[in-house]
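Visitor: This is start23.tsv, which holds TSV, C-alpha atoms:
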chain	number	residue	atom	x	y	z
A	22	MET	CA	-19.28	-18.95	-20.33
A	23	SER	CA	-20.28	-15.87	-18.46
A	24	VAL	CA	-17.60	-14.54	-16.13
A	25	MET	CA	-20.25	-13.31	-13.70
A	26	LYS	CA	-21.99	-16.70	-13.46
A	27	ARG	CA	-18.76	-18.62	-12.98
A	28	LEU	CA	-17.54	-16.18	-10.36
A	29	SER	CA	-20.87	-16.32	-8.55
A	30	GLY	CA	-20.59	-20.12	-8.52
A	31	ILE	CA	-17.20	-19.82	-6.84
A	32	VAL	CA	-18.54	-17.42	-4.20
A	33	GLN	CA	-21.49	-19.76	-3.50
A	34	ALA	CA	-19.23	-22.80	-3.28
A	35	LYS	CA	-17.04	-21.04	-0.72
A	36	ALA	CA	-20.12	-19.95	1.22
A	37	ASN	CA	-21.55	-23.50	1.25
A	38	LYS	CA	-18.27	-24.92	2.42
A	39	ALA	CA	-18.44	-22.64	5.46
A	40	LEU	CA	-22.00	-23.82	6.15
A	41	ASP	CA	-21.37	-27.57	6.00
A	42	LYS	CA	-19.99	-27.75	9.50
A	43	ALA	CA	-23.14	-26.67	11.36
A	44	GLU	CA	-25.36	-29.40	12.82
A	45	ASN	CA	-28.65	-27.65	13.51
A	46	PRO	CA	-30.08	-24.21	12.65
A	47	ALA	CA	-29.42	-22.67	16.07
A	48	ASP	CA	-25.80	-23.85	16.03
A	49	MET	CA	-25.56	-22.59	12.50
A	50	LEU	CA	-26.46	-19.09	13.64
A	51	ASP	CA	-23.90	-19.05	16.44
A	52	LEU	CA	-21.17	-20.67	14.40
A	53	SER	CA	-21.71	-18.32	11.54
A	54	TYR	CA	-21.69	-15.33	13.87
A	55	GLU	CA	-18.39	-16.44	15.41
A	56	LYS	CA	-16.95	-16.78	11.92
A	57	GLN	CA	-18.07	-13.31	10.97
A	58	VAL	CA	-16.36	-11.81	13.97
A	59	GLU	CA	-13.22	-13.78	13.13
A	60	ASN	CA	-13.39	-12.62	9.56
A	61	LEU	CA	-13.80	-9.03	10.60
A	62	THR	CA	-10.67	-9.31	12.73
A	63	LYS	CA	-8.78	-10.66	9.71
A	64	VAL	CA	-9.94	-7.80	7.52
A	65	ARG	CA	-8.84	-5.30	10.16
A	66	ARG	CA	-5.45	-6.98	10.46
A	67	ALA	CA	-5.04	-6.81	6.68
A	68	LEU	CA	-5.88	-3.11	6.85
A	69	ALA	CA	-3.06	-2.64	9.34
A	70	ASP	CA	-0.73	-4.57	6.99
A	71	VAL	CA	-1.70	-2.33	4.11
A	72	ALA	CA	-0.97	0.73	6.23
A	73	THR	CA	2.46	-0.71	7.08
A	74	ALA	CA	3.20	-1.46	3.42
A	75	LYS	CA	2.17	2.07	2.52
A	76	LYS	CA	4.37	3.58	5.23
A	77	ARG	CA	7.32	1.53	4.03
A	78	LEU	CA	6.88	2.76	0.47
A	79	GLU	CA	6.66	6.32	1.72
A	80	LEU	CA	9.89	5.93	3.72
A	81	GLN	CA	11.66	4.45	0.73
A	82	ALA	CA	10.40	7.24	-1.49
A	83	ALA	CA	11.62	9.82	1.03
A	84	GLU	CA	15.05	8.16	1.11
A	85	LEU	CA	15.27	8.09	-2.66
A	86	GLN	CA	14.09	11.69	-2.81
A	87	SER	CA	16.72	12.90	-0.38
A	88	GLN	CA	19.36	10.93	-2.25
A	89	ALA	CA	18.24	12.54	-5.51
A	90	GLN	CA	18.51	15.98	-3.91
A	91	LYS	CA	21.96	15.12	-2.58
A	92	LEU	CA	23.11	14.06	-6.04
A	93	GLN	CA	21.73	17.29	-7.46
A	94	ASP	CA	23.71	19.29	-4.88
A	95	GLN	CA	26.79	17.22	-5.57
A	96	ALA	CA	26.45	17.85	-9.30
A	97	LYS	CA	26.37	21.60	-8.59
A	98	GLN	CA	29.36	21.36	-6.27
A	99	ALA	CA	31.30	19.34	-8.83
A	100	LEU	CA	30.56	21.90	-11.53
A	101	SER	CA	31.68	24.74	-9.28
A	102	GLN	CA	34.93	22.83	-8.80
A	103	GLY	CA	35.17	22.59	-12.58
A	104	ASN	CA	34.77	18.79	-12.60
A	105	GLU	CA	32.21	18.24	-15.33
A	106	ASP	CA	32.71	14.47	-15.51
A	107	LEU	CA	31.83	14.10	-11.86
A	108	ALA	CA	28.79	16.35	-12.26
A	109	ARG	CA	27.65	14.20	-15.19
A	110	GLU	CA	28.09	11.04	-13.10
A	111	ALA	CA	26.00	12.52	-10.26
A	112	LEU	CA	23.23	13.55	-12.64
A	113	SER	CA	23.08	10.20	-14.38
A	114	ARG	CA	22.71	8.45	-11.03
A	115	ARG	CA	19.99	10.89	-10.18
A	116	ALA	CA	18.15	9.86	-13.35
A	117	GLY	CA	18.31	6.22	-12.21
A	118	LEU	CA	16.71	7.22	-8.93
A	119	ALA	CA	13.94	9.05	-10.74
A	120	ASP	CA	12.91	5.75	-12.39
A	121	GLN	CA	12.77	4.03	-9.04
A	122	LEU	CA	10.76	6.89	-7.59
A	123	GLN	CA	8.23	6.66	-10.37
A	124	ASN	CA	7.93	2.93	-9.77
A	125	LEU	CA	7.33	3.57	-6.07
A	126	GLY	CA	4.66	6.12	-6.96
A	127	THR	CA	2.75	3.53	-8.99
A	128	GLN	CA	2.96	1.03	-6.16
A	129	HIS	CA	1.76	3.65	-3.73
A	130	GLN	CA	-1.35	4.16	-5.84
A	131	GLN	CA	-1.98	0.42	-5.85
A	132	VAL	CA	-1.64	0.20	-2.09
A	133	GLU	CA	-4.10	3.05	-1.72
A	134	ALA	CA	-6.63	1.25	-3.94
A	135	GLN	CA	-6.26	-1.86	-1.77
A	136	GLN	CA	-6.66	0.18	1.35
A	137	GLN	CA	-9.85	1.73	0.02
A	138	GLN	CA	-11.39	-1.62	-0.95
A	139	LEU	CA	-10.50	-3.14	2.40
A	140	GLU	CA	-11.94	-0.17	4.26
A	141	VAL	CA	-15.23	-0.51	2.38
A	142	THR	CA	-15.23	-4.27	3.04
A	143	SER	CA	-14.45	-3.76	6.69
A	144	GLN	CA	-17.18	-1.17	7.19
A	145	ARG	CA	-19.83	-3.16	5.35
A	146	LEU	CA	-18.90	-6.36	7.09
A	147	GLN	CA	-19.02	-4.64	10.45
A	148	THR	CA	-22.53	-3.27	9.78
A	149	GLN	CA	-23.68	-6.61	8.44
A	150	VAL	CA	-22.29	-8.52	11.40
A	151	GLU	CA	-24.20	-6.20	13.72
A	152	ALA	CA	-27.41	-6.63	11.70
A	153	PHE	CA	-26.90	-10.38	11.74
A	154	ARG	CA	-26.48	-10.43	15.51
A	155	THR	CA	-29.84	-8.72	15.97
A	156	LYS	CA	-31.49	-11.03	13.47
A	157	LYS	CA	-29.86	-14.07	15.08
A	158	GLU	CA	-31.43	-13.33	18.47
A	159	THR	CA	-34.86	-12.74	16.92
A	160	LEU	CA	-34.62	-15.99	14.98
A	161	LYS	CA	-33.44	-17.95	17.99
A	162	ALA	CA	-36.34	-16.63	20.08
A	163	SER	CA	-38.81	-17.93	17.51
A	164	TYR	CA	-36.75	-21.00	16.77
A	165	THR	CA	-39.40	-23.49	17.88
A	166	ALA	CA	-41.76	-22.24	15.25
A	167	SER	CA	-41.30	-24.37	12.16
A	168	LYS	CA	-41.35	-21.29	9.95
A	169	ALA	CA	-38.26	-19.89	11.58
A	170	GLU	CA	-36.05	-22.50	10.00
A	171	ALA	CA	-36.50	-21.03	6.56
A	172	GLY	CA	-35.62	-17.60	7.90
A	173	ILE	CA	-32.50	-18.96	9.55
A	174	GLY	CA	-31.48	-20.65	6.33
A	175	GLU	CA	-31.85	-17.44	4.40
A	176	ALA	CA	-29.99	-15.25	6.88
A	177	VAL	CA	-27.18	-17.76	7.21
A	178	SER	CA	-26.83	-18.21	3.44
A	179	GLY	CA	-26.81	-14.45	2.99
A	180	ILE	CA	-24.19	-13.82	5.61
A	181	SER	CA	-22.10	-16.79	4.46
A	182	GLU	CA	-22.02	-15.38	0.97
A	183	SER	CA	-20.90	-12.01	2.28
A	184	MET	CA	-18.21	-13.69	4.32
A	185	ALA	CA	-17.02	-15.75	1.36
A	186	SER	CA	-16.83	-12.61	-0.73
A	187	ALA	CA	-15.03	-10.70	2.04
A	188	GLY	CA	-12.63	-13.66	2.25
A	189	MET	CA	-11.88	-13.26	-1.46
A	190	THR	CA	-11.25	-9.54	-1.04
A	191	LEU	CA	-8.98	-10.38	1.86
A	192	ASP	CA	-7.04	-12.98	-0.15
A	193	ARG	CA	-6.61	-10.51	-2.96
A	194	ALA	CA	-5.37	-7.80	-0.61
A	195	GLN	CA	-2.94	-10.21	1.03
A	196	ASP	CA	-1.54	-11.25	-2.36
A	197	LYS	CA	-1.03	-7.61	-3.25
A	198	ILE	CA	0.60	-6.86	0.09
A	199	ALA	CA	2.97	-9.80	-0.40
A	200	GLN	CA	3.89	-8.58	-3.90
A	201	MET	CA	4.41	-5.09	-2.55
A	202	GLN	CA	6.61	-6.32	0.25
A	203	ALA	CA	8.68	-8.38	-2.18
A	204	ARG	CA	9.22	-5.30	-4.35
A	205	ALA	CA	10.00	-3.11	-1.36
A	206	GLY	CA	12.46	-5.76	-0.18
A	207	ALA	CA	14.10	-5.77	-3.59
A	208	ILE	CA	14.54	-1.99	-3.42
A	209	ASP	CA	16.01	-2.27	0.07
A	210	GLU	CA	18.45	-4.86	-1.21
A	211	LEU	CA	19.42	-2.65	-4.11
A	212	LEU	CA	19.99	0.25	-1.74
A	213	ASP	CA	22.01	-1.94	0.61
A	214	SER	CA	24.14	-3.54	-2.06
A	215	GLY	CA	25.00	-0.16	-3.51
A	216	ALA	CA	23.63	-1.09	-6.92
A	217	LEU	CA	21.75	2.12	-6.44
A	218	PRO	CA	23.91	4.92	-5.10
A	219	ASP	CA	23.79	4.86	-1.35
A	220	ALA	CA	20.60	6.44	-0.14
A	221	LEU	CA	21.45	5.25	3.32
A	222	GLY	CA	24.90	6.79	3.75
A	223	GLY	CA	27.91	4.51	3.55
A	224	GLY	CA	30.59	4.76	0.88
A	225	ASP	CA	29.79	7.68	-1.35
A	226	ASP	CA	32.45	7.95	-4.01
A	227	ILE	CA	31.11	11.20	-5.47
A	228	GLN	CA	31.20	12.89	-2.07
A	229	ARG	CA	34.68	11.52	-1.45
A	230	GLU	CA	35.96	13.02	-4.66
A	231	LEU	CA	34.28	16.36	-3.92
A	232	ASP	CA	35.64	16.38	-0.36
A	233	SER	CA	39.13	15.58	-1.46
A	234	THR	CA	39.01	18.39	-4.02
A	235	SER	CA	37.75	20.89	-1.49
A	236	GLN	CA	40.21	19.58	1.12
A	237	GLN	CA	42.97	20.07	-1.37
A	238	SER	CA	41.92	23.63	-2.04
A	239	GLN	CA	41.65	24.32	1.69
A	240	VAL	CA	45.16	22.97	2.24
A	241	ASP	CA	46.33	25.17	-0.62
A	242	SER	CA	44.80	28.29	0.88
A	243	GLU	CA	46.15	27.51	4.37
A	244	LEU	CA	49.55	26.94	2.86
A	245	ALA	CA	49.31	30.28	1.09
A	246	ALA	CA	48.28	31.97	4.37
A	247	LEU	CA	51.23	30.42	6.20
A	248	LYS	CA	53.60	31.45	3.47
A	249	SER	CA	52.43	35.06	3.69
A	250	GLU	CA	52.76	35.04	7.50
A	251	ILE	CA	56.30	33.75	7.30
A	252	GLY	CA	56.95	36.35	4.64
A	253	SER	CA	55.78	39.20	6.97
A	254	GLY	CA	57.72	37.65	9.91
A	255	SER	CA	55.34	38.66	12.77
A	256	GLY	CA	52.91	35.66	12.89
A	257	THR	CA	55.12	32.91	14.36
A	258	GLY	CA	55.73	34.62	17.71
A	259	GLY	CA	52.02	35.07	18.38
A	260	GLU	CA	50.96	31.46	17.75
A	261	LEU	CA	52.47	29.59	20.68
A	262	PRO	CA	51.63	31.92	23.57
A	263	ALA	CA	48.07	32.13	22.33
A	264	ALA	CA	47.67	28.38	22.85
A	265	GLY	CA	48.90	28.69	26.45
A	266	ALA	CA	46.61	31.61	27.10
A	267	SER	CA	43.52	29.63	26.08
A	268	GLY	CA	44.32	27.15	28.91
A	269	ALA	CA	44.42	30.06	31.32
A	270	GLY	CA	41.12	31.18	29.94
A	271	GLN	CA	39.41	27.89	30.82
A	272	ALA	CA	40.71	28.11	34.40
A	273	SER	CA	39.35	31.58	34.87
A	274	ASP	CA	36.00	30.49	33.40
A	275	ALA	CA	35.67	27.77	35.99
A	276	ALA	CA	36.57	30.15	38.80
A	277	GLY	CA	34.59	33.19	37.75
A	278	GLY	CA	31.56	31.40	36.27
A	279	ALA	CA	31.25	33.94	33.46
A	280	ALA	CA	29.28	33.05	30.30
A	281	PRO	CA	31.70	30.65	28.58
A	282	GLY	CA	31.32	32.08	25.08
A	283	ALA	CA	31.80	35.68	26.06
A	284	GLY	CA	34.53	34.86	28.59
A	285	GLY	CA	36.46	32.78	26.10
A	286	LEU	CA	36.45	35.59	23.61
A	287	ASP	CA	37.47	38.25	26.11
A	288	ILE	CA	40.28	36.19	27.53
A	289	GLY	CA	41.45	35.24	24.05
A	290	GLY	CA	41.62	38.92	23.25
A	291	SER	CA	43.50	39.89	26.40
A	292	ALA	CA	45.76	36.84	26.16
A	293	THR	CA	47.18	38.01	22.83
A	294	GLY	CA	48.24	41.15	24.57
A	295	ALA	CA	49.58	39.60	27.80
A	296	PRO	CA	52.62	37.62	26.62
A	297	ALA	CA	53.77	40.34	24.20
B	9	MET	CA	-31.60	-9.70	-10.04
B	10	ILE	CA	-28.99	-9.29	-7.29
B	11	ILE	CA	-25.44	-8.80	-8.54
B	12	ARG	CA	-22.44	-8.70	-6.24
B	13	ILE	CA	-19.40	-6.57	-7.01
B	14	LEU	CA	-16.56	-8.21	-5.10
B	15	GLY	CA	-15.02	-5.85	-2.57
B	16	GLU	CA	-18.01	-3.55	-2.79
B	17	GLY	CA	-21.42	-5.11	-2.05
B	18	ARG	CA	-24.68	-6.40	-3.57
B	19	PHE	CA	-26.76	-4.40	-6.02
B	20	GLU	CA	-30.33	-5.08	-7.03
B	21	VAL	CA	-30.53	-4.51	-10.78
B	22	PRO	CA	-33.87	-4.25	-12.64
B	23	GLU	CA	-34.46	-7.04	-15.18
B	24	ALA	CA	-34.71	-4.44	-17.96
B	25	ASP	CA	-31.07	-3.46	-17.45
B	26	LEU	CA	-29.76	-7.00	-17.59
B	27	PRO	CA	-29.19	-7.23	-21.38
B	28	ALA	CA	-26.64	-4.38	-21.28
B	29	ILE	CA	-24.84	-6.06	-18.40
B	30	GLU	CA	-24.87	-9.44	-20.13
B	31	GLN	CA	-23.47	-7.80	-23.23
B	32	LEU	CA	-20.52	-6.43	-21.23
B	33	ASP	CA	-20.07	-9.83	-19.59
B	34	ALA	CA	-19.81	-11.42	-23.05
B	35	GLN	CA	-17.19	-8.80	-24.05
B	36	LEU	CA	-15.26	-9.67	-20.91
B	37	VAL	CA	-15.23	-13.36	-21.87
B	38	ASP	CA	-14.08	-12.40	-25.35
B	39	ALA	CA	-11.24	-10.21	-24.02
B	40	MET	CA	-10.15	-13.06	-21.74
B	41	GLU	CA	-10.11	-15.55	-24.58
B	42	ARG	CA	-8.02	-13.23	-26.70
B	43	GLY	CA	-5.77	-12.35	-23.76
B	44	ASP	CA	-6.42	-8.66	-24.42
B	45	GLU	CA	-5.48	-7.02	-21.13
B	46	ALA	CA	-6.43	-3.47	-22.16
B	47	GLU	CA	-9.83	-4.51	-23.51
B	48	PHE	CA	-10.42	-6.58	-20.38
B	49	SER	CA	-9.64	-3.69	-18.00
B	50	GLY	CA	-11.81	-1.25	-19.93
B	51	THR	CA	-14.76	-3.65	-20.14
B	52	LEU	CA	-14.50	-4.55	-16.46
B	53	ALA	CA	-14.57	-0.86	-15.53
B	54	ASP	CA	-17.62	-0.38	-17.79
B	55	LEU	CA	-19.36	-3.40	-16.28
B	56	ILE	CA	-18.77	-2.18	-12.72
B	57	GLY	CA	-20.00	1.28	-13.71
B	58	GLU	CA	-23.14	-0.20	-15.28
B	59	VAL	CA	-24.02	-2.30	-12.22
B	60	ARG	CA	-23.45	0.64	-9.90
B	61	HIS	CA	-25.45	2.96	-12.12
B	62	THR	CA	-28.49	0.76	-12.80
B	63	GLY	CA	-28.51	-1.14	-9.50
B	64	LYS	CA	-29.45	-0.20	-5.98
B	65	LEU	CA	-26.99	-1.06	-3.21
B	66	LEU	CA	-28.61	-3.48	-0.75
B	67	PRO	CA	-28.58	-2.53	2.94
B	68	PRO	CA	-26.61	-4.80	5.30
B	69	ASP	CA	-29.73	-6.17	7.03
B	70	ASP	CA	-30.92	-7.56	3.71
B	71	PHE	CA	-29.59	-11.11	3.67
B	72	ARG	CA	-30.62	-12.15	0.18
B	73	THR	CA	-27.94	-13.92	-1.82
B	74	SER	CA	-26.64	-12.79	-5.20
B	75	GLU	CA	-26.94	-14.63	-8.52
B	76	LEU	CA	-24.07	-13.01	-10.38
B	77	ALA	CA	-20.67	-11.74	-9.23
B	78	VAL	CA	-18.41	-9.11	-10.80
B	79	PRO	CA	-14.63	-9.25	-10.15
B	80	HIS	CA	-12.96	-6.69	-7.87
B	81	GLU	CA	-12.50	-3.25	-9.37
B	82	GLY	CA	-9.06	-2.99	-10.94
B	83	SER	CA	-8.59	-6.76	-11.30
B	84	SER	CA	-6.19	-7.87	-14.00
B	85	LEU	CA	-7.02	-10.45	-16.62
B	86	LYS	CA	-4.59	-12.90	-15.08
B	87	GLU	CA	-6.01	-12.36	-11.61
B	88	VAL	CA	-9.53	-13.19	-12.79
B	89	GLN	CA	-8.29	-16.20	-14.73
B	90	THR	CA	-6.62	-17.52	-11.57
B	91	LEU	CA	-9.78	-16.87	-9.58
B	92	LEU	CA	-11.90	-18.75	-12.11
B	93	THR	CA	-9.64	-21.79	-12.12
B	94	GLU	CA	-10.60	-22.34	-8.47
B	95	GLU	CA	-13.90	-23.44	-9.94
B	96	SER	CA	-12.84	-27.05	-10.49
Please express the file's structure as structure tokens.
Guide:
Amino acid sequence: MSVMKRLSGIVQAKANKALDKAENPADMLDLSYEKQVENLTKVRRALADVATAKKRLELQAAELQSQAQKLQDQAKQALSQGNEDLAREALSRRAGLADQLQNLGTQHQQVEAQQQQLEVTSQRLQTQVEAFRTKKETLKASYTASKAEAGIGEAVSGISESMASAGMTLDRAQDKIAQMQARAGAIDELLDSGALPDALGGGDDIQRELDSTSQQSQVDSELAALKSEIGSGSGTGGELPAAGASGAGQASDAAGGAAPGAGGLDIGGSATGAPA
Amino acid sequence: MIIRILGEGRFEVPEADLPAIEQLDAQLVDAMERGDEAEFSGTLADLIGEVRHTGKLLPPDDFRTSELAVPHEGSSLKEVQTLLTEES
């Protein structure tokens, strides 16, 4: 059987359900108007929810993006340290993030489609509610006339159908938002549990390995510098007095009120000379 | 004939254009029965396009009710199936 006929039957059934409660035509107008306003509020709330869902996806995408960039940088750093295995590890994690990012992109498009449909619904409903309010007052004014009843019936059926249909759009949007939130929650969990490399900081094993390598090479170069100083024999004497002189420098800063950067440098320079 | 596109509004479609719309409706039923998601999506998009193209969007102060309803744009086969089971 025709999809359009069956669907129309469902919309009408929902619309009639909303109508059953009214006792007389005048009450029907007021009741239905109250419902429209209520419905409009719901649509607007759903629009806010969609905006929140969209924002959340954007934040997650930004986090994943920055993590991907970080992994790219780490891969470069690892290569420059000659650690190809580590670079490979960083790049393969980056590929995993790219999948997630693509997934987020698709969801973002879906959220935008929902947002668009809800905006259209909200605008149309708003205009229709206003038109109904005007019509309601006109109909109520002529309510005593027997003819008016037919007019009331028509306006109320029309607006009830629009409300039923808006309600269906709302339900659909809310389902989508719930699905979106569940997926976003799953990504958050993945990020938190470290199943995805930490986009949020925390234990980063690649960085640790890179740091320890660069720390090691820094220690090596400092060691080499020390060795050469000891070899030349003049460095050791200078070290200790210089530390004392920097204390003197701070005291004179406080007293003289000179620019701290410039003062510190000057005093440091003169201090090296003073104890010698 | 007034046709509602869910999430969009009511369109008044001339009787002469109904056969084409009914044809697409029948294709939609067929795609649903076969569970053909791709065919369903394509036909739904065509159907929505046809109603928009041949129909005239009703202004909000026109309170006439519709006789046919088209699912929301972008609806999946499963979504429409779920919607239609509310019938009973």
Visitor: May I have the residues within 12 Å of Ile56 (chain B) as a PyMOL selection string, using all atoms listed in the file and disregarding those fewer than 3 positions away in the same chain?
Guide: (chain A and resi 25) or (chain B and resi 11-19+28-29+32-33+36+49-53+59-63+77-83)
Visitor: Provide an axis-aligned box for all listed atoms of region 61-74 of chain B, padding each side by 5 Å; report its centre and its edge lengths in Å to one decimal, as lines of an AutoDock Vina configuration file.
Guide:
center_x = -28.2
center_y = -5.5
center_z = -2.9
size_x = 15.5
size_y = 26.9
size_z = 29.8
Visitor: Up to 7 Å from chain B, what residues of chain A turn up? Count only C-alpha atoms and give them as a compact mmCIF listing (two decimals) with C-alpha atoms, in the coordinates of the input.
Guide:
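As written to disk, iface.txt reads:
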# COMPACT_ATOMS: atom_id res chain seq x y z
CA SER A 23 -20.28 -15.87 -18.46
CA VAL A 24 -17.60 -14.54 -16.13
CA MET A 25 -20.25 -13.31 -13.70
CA LYS A 26 -21.99 -16.70 -13.46
CA ARG A 27 -18.76 -18.62 -12.98
CA LEU A 28 -17.54 -16.18 -10.36
CA SER A 29 -20.87 -16.32 -8.55
CA ILE A 31 -17.20 -19.82 -6.84
CA GLN A 138 -11.39 -1.62 -0.95
CA VAL A 141 -15.23 -0.51 2.38
CA THR A 142 -15.23 -4.27 3.04
CA ARG A 145 -19.83 -3.16 5.35
CA THR A 148 -22.53 -3.27 9.78
CA GLN A 149 -23.68 -6.61 8.44
CA ALA A 152 -27.41 -6.63 11.70
CA PHE A 153 -26.90 -10.38 11.74
CA GLU A 175 -31.85 -17.44 4.40
CA ALA A 176 -29.99 -15.25 6.88
CA SER A 178 -26.83 -18.21 3.44
CA GLY A 179 -26.81 -14.45 2.99
CA ILE A 180 -24.19 -13.82 5.61
CA GLU A 182 -22.02 -15.38 0.97
CA SER A 186 -16.83 -12.61 -0.73
CA ALA A 187 -15.03 -10.70 2.04
CA THR A 190 -11.25 -9.54 -1.04
Visitor: Distance CA of Arg229 (chain A)-CA of Leu107 (chain A), one decimal place?
Guide: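 Computed distance, CA of Arg229 (chain A) to CA of Leu107 (chain A), equals 11.1 Å.
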Visitor: To one decimal in Å, tell me the separation between CA of Lys38 (chain A) and CA of Asp51 (chain A).
Guide: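 Computing it gives 16.2 Å between the two atoms.
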Visitor: Just give me the gap between CA of Leu50 (chain A) and CA of Gly174 (chain A) in Å, one decimal is fine.
Guide: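 Distance between the two atoms: 9.0 Å.
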Visitor: Using all atoms listed in the file for the distances, tell me which of B:Leu65, B:Leu85, B:Leu26, B:Met9 is nearest to Glu45 (chain B).
Guide: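 Of B:Leu65, B:Leu85, B:Leu26, B:Met9, the one nearest Glu45 (chain B) is B:Leu85, counting all atoms listed in the file.
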Visitor: Generate a file for region 66-95 of chain B, containing C-alpha atoms, as a compact mmCIF listing (two decimals), in the first residue's frame.
Guide:
# COMPACT_ATOMS: atom_id res chain seq x y z
CA LEU B 66 0.78 26.61 0.94
CA PRO B 67 1.01 29.79 3.03
CA PRO B 68 0.75 29.39 6.82
CA ASP B 69 -2.68 31.05 7.04
CA ASP B 70 -4.11 28.34 4.81
CA PHE B 71 -5.39 25.73 7.24
CA ARG B 72 -6.45 23.03 4.80
CA THR B 73 -5.35 19.53 5.71
CA SER B 74 -3.26 17.26 3.50
CA GLU B 75 -4.30 13.94 1.97
CA LEU B 76 -0.88 12.43 1.40
CA ALA B 77 2.37 12.66 3.36
CA VAL B 78 5.96 12.17 2.17
CA PRO B 79 8.64 11.08 4.68
CA HIS B 80 11.30 13.54 5.88
CA GLU B 81 14.04 14.28 3.39
CA GLY B 82 16.98 11.96 4.00
CA SER B 83 14.93 9.34 5.86
CA SER B 84 16.33 5.83 5.81
CA LEU B 85 14.32 2.78 4.84
CA LYS B 86 14.40 1.51 8.40
CA GLU B 87 13.28 4.86 9.77
CA VAL B 88 10.23 4.92 7.51
CA GLN B 89 9.43 1.30 8.31
CA THR B 90 9.48 2.14 12.03
CA LEU B 91 7.29 5.17 11.41
CA LEU B 92 4.76 3.10 9.48
CA THR B 93 4.50 0.45 12.17
CA GLU B 94 3.00 3.11 14.45
CA GLU B 95 -0.03 2.72 12.23
